[in-house]
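Undergrad: So that you have it, the file is query-v2.cif, and it contains mmCIF, C-alpha atoms:
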```cif
data_run
loop_
_atom_site.label_atom_id
_atom_site.label_comp_id
_atom_site.auth_asym_id
_atom_site.auth_seq_id
_atom_site.Cartn_x
_atom_site.Cartn_y
_atom_site.Cartn_z
CA MET A 88 96.79 109.39 97.45
CA LEU A 89 98.16 106.91 99.96
CA ILE A 90 97.86 106.39 103.71
CA THR A 91 100.83 104.86 105.50
CA LEU A 92 102.25 103.55 108.74
CA ASP A 93 105.76 102.08 108.80
CA GLU A 94 105.81 101.23 105.08
CA GLU A 95 109.42 101.93 104.12
CA GLN A 96 109.78 98.51 102.44
CA ARG A 97 106.73 98.63 100.19
CA LEU A 98 106.13 102.34 99.68
CA PRO A 99 108.82 103.20 97.08
CA ALA A 100 107.39 100.87 94.43
CA ALA A 101 103.88 102.18 95.07
CA LEU A 102 105.03 105.78 94.74
CA ASP A 103 106.96 105.07 91.56
CA SER A 104 103.82 103.58 90.03
CA VAL A 105 101.81 106.80 90.56
CA ALA A 106 104.55 109.26 89.58
CA PHE A 107 102.46 110.22 86.52
CA CYS A 108 99.79 111.85 88.72
CA ASP A 109 99.58 115.64 89.08
CA GLU A 110 100.06 115.33 92.83
CA VAL A 111 101.13 112.46 95.07
CA LEU A 112 99.82 112.84 98.62
CA VAL A 113 100.87 110.62 101.53
CA VAL A 114 99.01 110.84 104.84
CA ASP A 115 101.11 109.12 107.49
CA ALA A 116 99.90 107.89 110.88
CA GLY A 117 103.17 108.47 112.73
CA SER A 118 105.67 106.06 111.15
CA ARG A 119 108.78 105.27 113.15
CA ASP A 120 110.77 104.13 110.13
CA ARG A 121 111.83 106.06 107.00
CA THR A 122 108.38 106.14 105.39
CA ARG A 123 107.98 109.92 105.40
CA GLU A 124 111.56 110.54 104.29
CA LEU A 125 111.26 108.14 101.37
CA ALA A 126 107.97 109.72 100.32
CA GLU A 127 109.41 113.23 100.39
CA ASP A 128 112.50 112.08 98.46
CA ARG A 129 110.18 110.98 95.66
CA GLY A 130 108.39 114.30 95.55
CA ALA A 131 105.26 113.38 97.50
CA ARG A 132 103.48 115.87 99.72
CA VAL A 133 103.43 114.35 103.19
CA LEU A 134 100.94 115.08 105.95
CA VAL A 135 100.96 113.48 109.41
CA ASN A 136 97.76 112.55 111.19
CA ALA A 137 98.52 110.57 114.33
CA PRO A 138 97.60 108.59 116.29
CA TRP A 139 95.83 106.26 113.90
CA PRO A 140 92.12 107.26 113.82
CA GLY A 141 90.83 104.25 111.89
CA TRP A 142 90.70 103.32 108.22
CA VAL A 143 87.74 105.39 107.10
CA PRO A 144 88.62 108.63 108.99
CA GLN A 145 92.21 108.51 107.73
CA ARG A 146 91.18 107.90 104.15
CA ARG A 147 88.58 110.67 104.28
CA LEU A 148 91.16 113.08 105.63
CA ALA A 149 93.50 112.23 102.77
CA VAL A 150 90.76 112.78 100.18
CA ALA A 151 89.85 116.13 101.72
CA ALA A 152 93.50 117.23 101.73
CA ALA A 153 94.06 116.47 98.03
CA ARG A 154 94.49 119.47 95.73
CA HIS A 155 92.38 118.00 92.93
CA ASP A 156 88.81 116.69 92.83
CA TRP A 157 89.69 113.53 90.92
CA VAL A 158 91.51 111.14 93.25
CA LEU A 159 93.40 107.91 92.60
CA ALA A 160 93.64 106.06 95.91
CA ILE A 161 96.07 103.17 96.39
CA ASP A 162 97.79 101.53 99.34
CA ALA A 163 101.48 100.99 99.93
CA ASP A 164 101.13 97.32 98.97
CA GLU A 165 99.56 98.17 95.61
CA ARG A 166 101.03 99.16 92.24
CA VAL A 167 99.47 100.86 89.23
CA THR A 168 100.47 98.68 86.29
CA PRO A 169 101.68 100.28 83.04
CA ALA A 170 98.45 99.16 81.33
CA LEU A 171 96.32 100.83 84.00
CA ARG A 172 98.47 103.97 83.88
CA ASP A 173 98.04 104.23 80.12
CA GLU A 174 94.29 103.76 80.45
CA ILE A 175 94.04 106.50 83.09
CA GLU A 176 96.20 108.84 81.02
CA ALA A 177 93.91 108.30 78.02
CA LEU A 178 90.90 109.12 80.18
CA ARG A 179 92.55 112.30 81.39
CA ARG A 180 93.18 113.42 77.84
CA GLY A 181 89.63 112.63 76.79
CA GLY A 182 87.97 113.89 79.95
CA LEU A 183 87.10 111.96 83.10
CA SER A 184 83.35 111.53 83.56
CA GLY A 185 80.81 110.17 86.01
CA ALA A 186 81.51 109.53 89.68
CA GLY A 187 84.45 107.23 89.21
CA TYR A 188 85.93 104.03 87.78
CA ARG A 189 86.36 100.51 89.12
CA LEU A 190 89.73 98.82 88.61
CA PRO A 191 90.36 95.07 88.60
CA ARG A 192 92.86 94.18 91.33
CA VAL A 193 95.14 91.15 91.09
CA ALA A 194 97.08 89.78 94.08
CA PHE A 195 100.64 88.44 93.86
CA TYR A 196 100.97 85.64 96.40
CA LEU A 197 103.11 82.51 96.78
CA GLY A 198 105.14 83.43 93.73
CA ARG A 199 102.33 84.01 91.23
CA PHE A 200 99.41 86.24 90.35
CA ILE A 201 96.10 84.90 91.66
CA ARG A 202 93.60 85.28 88.84
CA ALA A 203 90.98 82.99 90.34
CA THR A 204 89.10 82.43 93.65
CA ASP A 205 87.31 85.23 95.48
CA TRP A 206 90.49 87.28 95.08
CA TYR A 207 89.92 88.04 91.39
CA PRO A 208 88.96 90.26 89.68
CA ASP A 209 88.25 92.04 93.00
CA PRO A 210 86.96 95.29 91.40
CA GLN A 211 87.92 98.36 93.41
CA LEU A 212 86.47 101.87 93.03
CA ARG A 213 89.75 103.74 93.41
CA LEU A 214 89.64 106.45 90.74
CA PHE A 215 86.84 108.81 91.68
CA ASP A 216 85.52 112.34 91.81
CA ARG A 217 85.46 113.28 95.50
CA ARG A 218 82.47 115.53 94.84
CA GLN A 219 80.44 112.44 93.94
CA ALA A 220 82.07 109.62 95.90
CA GLY A 221 83.80 108.95 99.21
CA TRP A 222 85.01 106.34 101.67
CA GLU A 223 82.50 104.45 103.79
CA GLY A 224 82.58 101.42 106.05
CA GLY A 225 83.10 100.18 109.58
CA LEU A 226 86.14 98.79 111.34
CA VAL A 227 87.31 96.68 108.40
CA HIS A 228 86.80 96.27 104.63
CA GLU A 229 86.07 99.90 103.91
CA SER A 230 85.31 100.95 100.32
CA VAL A 231 84.40 103.93 98.16
CA ALA A 232 80.69 104.55 97.59
CA ALA A 233 79.56 106.59 94.59
CA ARG A 234 76.56 108.86 94.10
CA GLY A 235 76.65 108.74 90.33
CA PRO A 236 77.52 106.49 87.36
CA VAL A 237 80.66 104.36 87.68
CA GLY A 238 82.72 103.08 84.75
CA ARG A 239 85.08 100.10 84.55
CA LEU A 240 88.70 99.98 83.48
CA CYS A 241 90.61 96.98 82.17
CA GLY A 242 94.14 97.71 83.43
CA GLU A 243 94.94 95.90 86.66
CA LEU A 244 95.96 97.26 90.03
CA GLU A 245 98.67 94.98 91.41
CA HIS A 246 98.30 93.94 95.05
CA HIS A 247 101.13 92.49 97.18
CA PRO A 248 99.17 91.76 100.38
CA TYR A 249 101.35 89.26 102.26
CA ALA A 250 105.07 88.58 102.42
CA ASP A 251 104.38 84.93 103.30
CA VAL A 252 101.79 82.60 104.81
CA SER A 253 102.71 83.67 108.35
CA ALA A 254 101.92 87.30 107.48
CA HIS A 255 98.66 86.13 105.92
CA LEU A 256 97.69 84.31 109.12
CA ARG A 257 98.51 87.35 111.26
CA ARG A 258 96.28 89.49 109.04
CA ILE A 259 93.48 86.95 109.28
CA ASP A 260 93.69 87.05 113.08
CA ARG A 261 93.56 90.86 113.16
CA TYR A 262 90.83 91.30 110.54
CA THR A 263 88.56 88.57 111.90
CA SER A 264 88.66 90.26 115.30
CA LEU A 265 87.65 93.57 113.71
CA TRP A 266 84.96 91.85 111.65
CA ALA A 267 83.49 90.16 114.73
CA GLU A 268 83.48 93.43 116.65
CA GLN A 269 81.70 95.23 113.83
CA ALA A 270 79.25 92.36 113.31
CA ALA A 271 78.39 92.35 117.02
CA ARG A 272 77.76 96.11 116.87
CA ASP A 273 75.46 95.54 113.90
CA GLY A 274 73.49 92.91 115.79
CA ARG A 275 74.59 89.92 113.71
CA GLN A 276 74.63 86.42 115.16
CA ALA A 277 76.73 83.35 114.40
CA ARG A 278 74.24 80.50 114.05
CA LEU A 279 75.31 76.88 114.32
CA ALA A 280 74.35 76.38 110.68
CA ASP A 281 76.64 79.26 109.68
CA LEU A 282 79.58 77.74 111.54
CA ALA A 283 78.94 74.31 110.02
CA LEU A 284 78.17 75.28 106.44
CA ALA A 285 79.79 78.62 105.60
CA PRO A 286 83.48 77.49 105.76
CA PRO A 287 83.08 74.42 103.49
CA TRP A 288 80.95 76.46 101.11
CA ALA A 289 83.68 79.12 101.02
CA PHE A 290 86.25 76.46 100.10
CA PHE A 291 84.03 74.91 97.40
CA ARG A 292 83.22 78.32 95.93
CA ASN A 293 86.88 79.38 95.82
CA TYR A 294 88.49 76.12 94.76
CA VAL A 295 85.88 74.72 92.37
CA LEU A 296 83.43 77.39 91.21
CA LYS A 297 85.98 80.20 90.99
CA GLY A 298 88.83 78.17 89.57
CA GLY A 299 91.29 77.90 92.44
CA PHE A 300 92.13 74.36 91.29
CA LEU A 301 93.67 75.86 88.16
CA LEU A 302 96.41 77.57 90.19
CA GLY A 303 97.99 74.49 91.76
CA ARG A 304 99.24 74.77 95.33
CA ALA A 305 98.69 78.52 95.43
CA GLY A 306 95.03 78.12 94.51
CA LEU A 307 94.56 75.39 97.09
CA THR A 308 96.21 77.51 99.78
CA VAL A 309 94.15 80.61 99.00
CA SER A 310 90.92 78.59 98.94
CA ALA A 311 91.72 76.87 102.23
CA LEU A 312 92.70 80.10 103.97
CA ASN A 313 89.60 81.88 102.67
CA ALA A 314 87.55 79.09 104.25
CA TYR A 315 89.61 79.39 107.43
CA TYR A 316 88.95 83.14 107.51
CA THR A 317 85.22 82.44 107.29
CA LEU A 318 85.39 79.95 110.17
CA VAL A 319 87.48 82.17 112.42
CA LYS A 320 85.39 85.31 111.98
CA LEU A 321 82.19 83.41 112.78
CA ALA A 322 83.83 81.63 115.72
CA LYS A 323 84.96 84.97 117.15
CA LEU A 324 81.45 86.36 116.77
CA ALA A 325 80.04 83.29 118.55
CA GLU A 326 82.64 83.76 121.28
CA ARG A 327 81.43 87.32 121.81
CA GLU A 328 77.84 86.14 122.04
CA ALA A 329 78.74 83.47 124.60
CA SER A 330 80.73 85.98 126.65
CA ARG A 331 77.85 88.45 126.58
CA ARG A 332 75.37 85.80 127.74
CA GLY A 333 77.69 84.76 130.54
CA ALA A 334 78.28 88.31 131.76
#
```
So, in terms of structure tokens, how does the structure I just supplied come out?
TA:
Amino acid sequence: MLITLDEEQRLPAALDSVAFCDEVLVVDAGSRDRTRELAEDRGARVLVNAPWPGWVPQRRLAVAAARHDWVLAIDADERVTPALRDEIEALRRGGLSGAGYRLPRVAFYLGRFIRATDWYPDPQLRLFDRRQAGWEGGLVHESVAARGPVGRLCGELEHHPYADVSAHLRRIDRYTSLWAEQAARDGRQARLADLALAPPWAFFRNYVLKGGFLLGRAGLTVSALNAYYTLVKLAKLAEREASRRGA
């Protein structure tokens, strides 16, 4: 199961990686490129739900539209590795159990896999029984919540999140705005201590405690941008608070 919007560049590899599944379902939000055509050419069942309703509603619609209760959910920038495919196939033969399974996700960025920092192992509950689990969350960083026991798999889900640093920065700008909006709705505040301490702590945690220094320039870049993300999201929340007080 995938949700898409203008993903003609990344979608084919994602679809090829899940070709072993009994059904491949793509729910598209009104792509203007060849996303739907490419999906259909690879045998996927394509549904259109536009305009974009938000991450959680779109994902829930896709889960509800699936023809099977066990769902494997990936995005167009993700790939099921051969090791993960073999592990899932073995589970299918032996019988899937519980509410679902968490998969370790590894990002490919700046020419290498990032197996350190906050980015790894980034466990994702993506193989689940829709009768016992489903998508939850706000405007950003949605996830699957389970109402039963959850197992863990060893095979990795490959993630190709950013074409380059510029794309990474654009995503940070968009996601920090969504985070600040959701945080303001939830009544959170950006204290001065948070602004002063959270970004350097994020860098120290990523670069030192979680091994970013082992990855050379890529590890330094990821650690610095994770700290930058922390600063920007808090600064945007503080900006909202100041605007509200001045209104």
Undergrad: On this file, the PyMOL selection byres ((chain A and resi 134) around 7) gives some set of residues; write that set as a short mmCIF file (atom, residue, chain, number, x, y, z; two decimals) with C-alpha atoms, keeping the file's coordinate frame.
TA:
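Done, and the output landed in out31.cif:
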```cif
data_model
loop_
_atom_site.label_atom_id
_atom_site.label_comp_id
_atom_site.auth_asym_id
_atom_site.auth_seq_id
_atom_site.Cartn_x
_atom_site.Cartn_y
_atom_site.Cartn_z
CA VAL A 113 100.87 110.62 101.53
CA VAL A 114 99.01 110.84 104.84
CA ASP A 115 101.11 109.12 107.49
CA ARG A 132 103.48 115.87 99.72
CA VAL A 133 103.43 114.35 103.19
CA VAL A 135 100.96 113.48 109.41
CA ASN A 136 97.76 112.55 111.19
#
```
Undergrad: Run through the PyMOL selection byres ((chain A and resi 117) around 8) on the given coordinates and return the selected residues as number ranges by chain.
TA: A: 92-93, 115-116, 118-119, 135-139
Undergrad: Please measure the separation of CA of Pro191 (chain A) and CA of Leu102 (chain A), giving the value in Å to one decimal.
TA: 19.2 Å
Undergrad: Do you know which residues the PyMOL selection byres ((chain A and resi 190) around 12) returns on this file, as an NGL selection string?
TA: :A and (159-161 or 166-168 or 170-172 or 174-175 or 187-189 or 191-193 or 207-215 or 237-246)
Undergrad: Find the spatial neighbours of Glu326 (chain A), counting all atoms listed in the file, within a cut-off of 12 Å - ignore same-chain residues fewer than 6 positions away - and output them as a ChimeraX atom specification.
TA: /A:264,267-268,271,276-278,282,319-320,332-333
Undergrad: Please identify all polymer residues within 10 Å of Leu197 (chain A), counting only C-alpha atoms, omitting same-chain residues fewer than 5 positions from it, and present them as a PDB file with C-alpha atoms, keeping the file's coordinate frame.
TA:
```pdb
ATOM      1  CA  TYR A 249     101.350  89.260 102.260  1.00  0.00           C
ATOM      2  CA  ALA A 250     105.070  88.580 102.420  1.00  0.00           C
ATOM      3  CA  ASP A 251     104.380  84.930 103.300  1.00  0.00           C
ATOM      4  CA  VAL A 252     101.790  82.600 104.810  1.00  0.00           C
ATOM      5  CA  ARG A 304      99.240  74.770  95.330  1.00  0.00           C
ATOM      6  CA  ALA A 305      98.690  78.520  95.430  1.00  0.00           C
ATOM      7  CA  GLY A 306      95.030  78.120  94.510  1.00  0.00           C
ATOM      8  CA  THR A 308      96.210  77.510  99.780  1.00  0.00           C
ATOM      9  CA  VAL A 309      94.150  80.610  99.000  1.00  0.00           C
TER      10      VAL A 309
END
```
Undergrad: Restricting the calculation to all atoms listed in the file: of A:Ala163, A:Leu301, A:Val158, A:Val143, which residue gets closest to Cys108 (chain A)?
TA: A:Val158
Undergrad: Return the single residue from A:Leu256, A:Glu176, A:Leu302, A:Leu307 that is closest to Phe107 (chain A), with distances computed using only C-alpha atoms.
TA: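 Checking each of A:Leu256, A:Glu176, A:Leu302, A:Leu307 against Phe107 (chain A), counting only C-alpha atoms, the winner is A:Glu176.
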Undergrad: Quick check, in Å to one decimal: how far apart do CA of Ser310 (chain A) and CA of Tyr196 (chain A) lie?
TA: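 Distance reported for this atom pair: 12.5 Å.
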Undergrad: Provide the CA of Ser330 (chain A) to CA of Arg272 (chain A) distance in Å, to one decimal place.
TA: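 Those two atoms sit 14.4 Å apart.
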Undergrad: Let me make sure I understand: among A:Leu98, A:Ala149, A:Leu321, A:Ile201, which one has the smallest atom-to-atom distance to Gly303 (chain A) if we use all atoms listed in the file?
TA: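 For Gly303 (chain A), the nearest of the candidates is A:Ile201.
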Undergrad: Just the residues within 7 Å of Arg234 (chain A), please, counting all atoms listed in the file, with nothing from its chain fewer than 6 positions along; format it as a list of chain:residue names.
TA: A:Ala186, A:Gln219, A:Ala220
Undergrad: Measuring between all atoms listed in the file, which one of A:Ala289, A:Val227, A:Ala177, A:Ala151 shows the shortest distance to Thr204 (chain A)?
TA: A:Ala289
Undergrad: Residues near Gly225 (chain A), anyone? I mean within 9 Å using only C-alpha atoms, not counting same-chain ones fewer than 6 positions away, as an MDAnalysis selection string.
TA: chainID A and resid 142:143 266 269
Undergrad: At the level of all heavy atoms, write region 170-182 of chain A to a file as a PDB file, in the first residue's frame, please.
TA:
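Written output follows (out_11.pdb):
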```pdb
ATOM      1  N   ALA A 170      16.341  -8.806   1.944  1.00  0.00           N
ATOM      2  CA  ALA A 170      16.342  -9.466   3.258  1.00  0.00           C
ATOM      3  C   ALA A 170      14.999  -9.297   3.956  1.00  0.00           C
ATOM      4  O   ALA A 170      14.480 -10.246   4.567  1.00  0.00           O
ATOM      5  CB  ALA A 170      17.469  -8.903   4.123  1.00  0.00           C
ATOM      6  N   LEU A 171      14.427  -8.107   3.871  1.00  0.00           N
ATOM      7  CA  LEU A 171      13.129  -7.876   4.496  1.00  0.00           C
ATOM      8  C   LEU A 171      12.040  -8.648   3.762  1.00  0.00           C
ATOM      9  O   LEU A 171      11.155  -9.240   4.398  1.00  0.00           O
ATOM     10  CB  LEU A 171      12.806  -6.376   4.490  1.00  0.00           C
ATOM     11  CG  LEU A 171      11.446  -5.977   5.061  1.00  0.00           C
ATOM     12  CD1 LEU A 171      11.259  -6.475   6.484  1.00  0.00           C
ATOM     13  CD2 LEU A 171      11.273  -4.460   4.996  1.00  0.00           C
ATOM     14  N   ARG A 172      12.109  -8.681   2.443  1.00  0.00           N
ATOM     15  CA  ARG A 172      11.136  -9.460   1.664  1.00  0.00           C
ATOM     16  C   ARG A 172      11.165 -10.925   2.063  1.00  0.00           C
ATOM     17  O   ARG A 172      10.107 -11.535   2.302  1.00  0.00           O
ATOM     18  CB  ARG A 172      11.443  -9.327   0.169  1.00  0.00           C
ATOM     19  CG  ARG A 172      10.493 -10.120  -0.741  1.00  0.00           C
ATOM     20  CD  ARG A 172      11.113 -10.277  -2.112  1.00  0.00           C
ATOM     21  NE  ARG A 172      12.351 -11.049  -2.046  1.00  0.00           N
ATOM     22  CZ  ARG A 172      13.407 -10.837  -2.842  1.00  0.00           C
ATOM     23  NH1 ARG A 172      13.395  -9.881  -3.743  1.00  0.00           N
ATOM     24  NH2 ARG A 172      14.502 -11.591  -2.709  1.00  0.00           N
ATOM     25  N   ASP A 173      12.363 -11.492   2.172  1.00  0.00           N
ATOM     26  CA  ASP A 173      12.473 -12.907   2.542  1.00  0.00           C
ATOM     27  C   ASP A 173      11.912 -13.146   3.943  1.00  0.00           C
ATOM     28  O   ASP A 173      11.272 -14.184   4.199  1.00  0.00           O
ATOM     29  CB  ASP A 173      13.936 -13.346   2.482  1.00  0.00           C
ATOM     30  CG  ASP A 173      14.489 -13.370   1.059  1.00  0.00           C
ATOM     31  OD1 ASP A 173      13.676 -13.312   0.113  1.00  0.00           O
ATOM     32  OD2 ASP A 173      15.728 -13.416   0.906  1.00  0.00           O
ATOM     33  N   GLU A 174      12.139 -12.219   4.841  1.00  0.00           N
ATOM     34  CA  GLU A 174      11.639 -12.365   6.206  1.00  0.00           C
ATOM     35  C   GLU A 174      10.111 -12.322   6.225  1.00  0.00           C
ATOM     36  O   GLU A 174       9.456 -13.100   6.928  1.00  0.00           O
ATOM     37  CB  GLU A 174      12.219 -11.249   7.075  1.00  0.00           C
ATOM     38  CG  GLU A 174      12.199 -11.535   8.551  1.00  0.00           C
ATOM     39  CD  GLU A 174      13.012 -10.526   9.339  1.00  0.00           C
ATOM     40  OE1 GLU A 174      13.598  -9.605   8.732  1.00  0.00           O
ATOM     41  OE2 GLU A 174      13.049 -10.660  10.574  1.00  0.00           O
ATOM     42  N   ILE A 175       9.535 -11.415   5.446  1.00  0.00           N
ATOM     43  CA  ILE A 175       8.071 -11.320   5.378  1.00  0.00           C
ATOM     44  C   ILE A 175       7.486 -12.568   4.733  1.00  0.00           C
ATOM     45  O   ILE A 175       6.461 -13.102   5.181  1.00  0.00           O
ATOM     46  CB  ILE A 175       7.653 -10.052   4.612  1.00  0.00           C
ATOM     47  CG1 ILE A 175       8.056  -8.803   5.411  1.00  0.00           C
ATOM     48  CG2 ILE A 175       6.151 -10.044   4.363  1.00  0.00           C
ATOM     49  CD1 ILE A 175       7.845  -7.505   4.656  1.00  0.00           C
ATOM     50  N   GLU A 176       8.116 -13.044   3.682  1.00  0.00           N
ATOM     51  CA  GLU A 176       7.638 -14.252   3.018  1.00  0.00           C
ATOM     52  C   GLU A 176       7.661 -15.447   3.981  1.00  0.00           C
ATOM     53  O   GLU A 176       6.739 -16.281   3.991  1.00  0.00           O
ATOM     54  CB  GLU A 176       8.509 -14.546   1.791  1.00  0.00           C
ATOM     55  CG  GLU A 176       8.352 -13.550   0.653  1.00  0.00           C
ATOM     56  CD  GLU A 176       7.147 -13.846  -0.215  1.00  0.00           C
ATOM     57  OE1 GLU A 176       6.045 -14.079   0.335  1.00  0.00           O
ATOM     58  OE2 GLU A 176       7.304 -13.842  -1.439  1.00  0.00           O
ATOM     59  N   ALA A 177       8.705 -15.541   4.789  1.00  0.00           N
ATOM     60  CA  ALA A 177       8.773 -16.637   5.769  1.00  0.00           C
ATOM     61  C   ALA A 177       7.655 -16.515   6.797  1.00  0.00           C
ATOM     62  O   ALA A 177       7.054 -17.521   7.196  1.00  0.00           O
ATOM     63  CB  ALA A 177      10.136 -16.625   6.459  1.00  0.00           C
ATOM     64  N   LEU A 178       7.354 -15.305   7.203  1.00  0.00           N
ATOM     65  CA  LEU A 178       6.249 -15.097   8.138  1.00  0.00           C
ATOM     66  C   LEU A 178       4.917 -15.495   7.517  1.00  0.00           C
ATOM     67  O   LEU A 178       4.063 -16.094   8.180  1.00  0.00           O
ATOM     68  CB  LEU A 178       6.185 -13.617   8.553  1.00  0.00           C
ATOM     69  CG  LEU A 178       7.152 -13.153   9.639  1.00  0.00           C
ATOM     70  CD1 LEU A 178       7.065 -11.639   9.795  1.00  0.00           C
ATOM     71  CD2 LEU A 178       6.853 -13.844  10.966  1.00  0.00           C
ATOM     72  N   ARG A 179       4.741 -15.162   6.270  1.00  0.00           N
ATOM     73  CA  ARG A 179       3.492 -15.518   5.585  1.00  0.00           C
ATOM     74  C   ARG A 179       3.311 -17.031   5.528  1.00  0.00           C
ATOM     75  O   ARG A 179       2.208 -17.540   5.743  1.00  0.00           O
ATOM     76  CB  ARG A 179       3.474 -14.927   4.173  1.00  0.00           C
ATOM     77  CG  ARG A 179       3.373 -13.427   4.119  1.00  0.00           C
ATOM     78  CD  ARG A 179       3.574 -12.896   2.724  1.00  0.00           C
ATOM     79  NE  ARG A 179       2.481 -13.248   1.831  1.00  0.00           N
ATOM     80  CZ  ARG A 179       2.502 -13.030   0.515  1.00  0.00           C
ATOM     81  NH1 ARG A 179       3.568 -12.490  -0.053  1.00  0.00           N
ATOM     82  NH2 ARG A 179       1.481 -13.352  -0.235  1.00  0.00           N
ATOM     83  N   ARG A 180       4.411 -17.727   5.272  1.00  0.00           N
ATOM     84  CA  ARG A 180       4.309 -19.185   5.198  1.00  0.00           C
ATOM     85  C   ARG A 180       4.022 -19.786   6.578  1.00  0.00           C
ATOM     86  O   ARG A 180       3.276 -20.761   6.696  1.00  0.00           O
ATOM     87  CB  ARG A 180       5.608 -19.774   4.635  1.00  0.00           C
ATOM     88  CG  ARG A 180       5.827 -19.472   3.160  1.00  0.00           C
ATOM     89  CD  ARG A 180       6.966 -20.300   2.600  1.00  0.00           C
ATOM     90  NE  ARG A 180       8.241 -19.965   3.226  1.00  0.00           N
ATOM     91  CZ  ARG A 180       9.082 -19.040   2.761  1.00  0.00           C
ATOM     92  NH1 ARG A 180       8.752 -18.344   1.672  1.00  0.00           N
ATOM     93  NH2 ARG A 180      10.227 -18.813   3.366  1.00  0.00           N
ATOM     94  N   GLY A 181       4.604 -19.184   7.610  1.00  0.00           N
ATOM     95  CA  GLY A 181       4.421 -19.720   8.948  1.00  0.00           C
ATOM     96  C   GLY A 181       3.190 -19.186   9.661  1.00  0.00           C
ATOM     97  O   GLY A 181       2.758 -19.762  10.666  1.00  0.00           O
ATOM     98  N   GLY A 182       2.641 -18.099   9.158  1.00  0.00           N
ATOM     99  CA  GLY A 182       1.463 -17.509   9.775  1.00  0.00           C
ATOM    100  C   GLY A 182       1.783 -16.214  10.503  1.00  0.00           C
ATOM    101  O   GLY A 182       2.518 -16.215  11.500  1.00  0.00           O
TER     102      GLY A 182
END
```
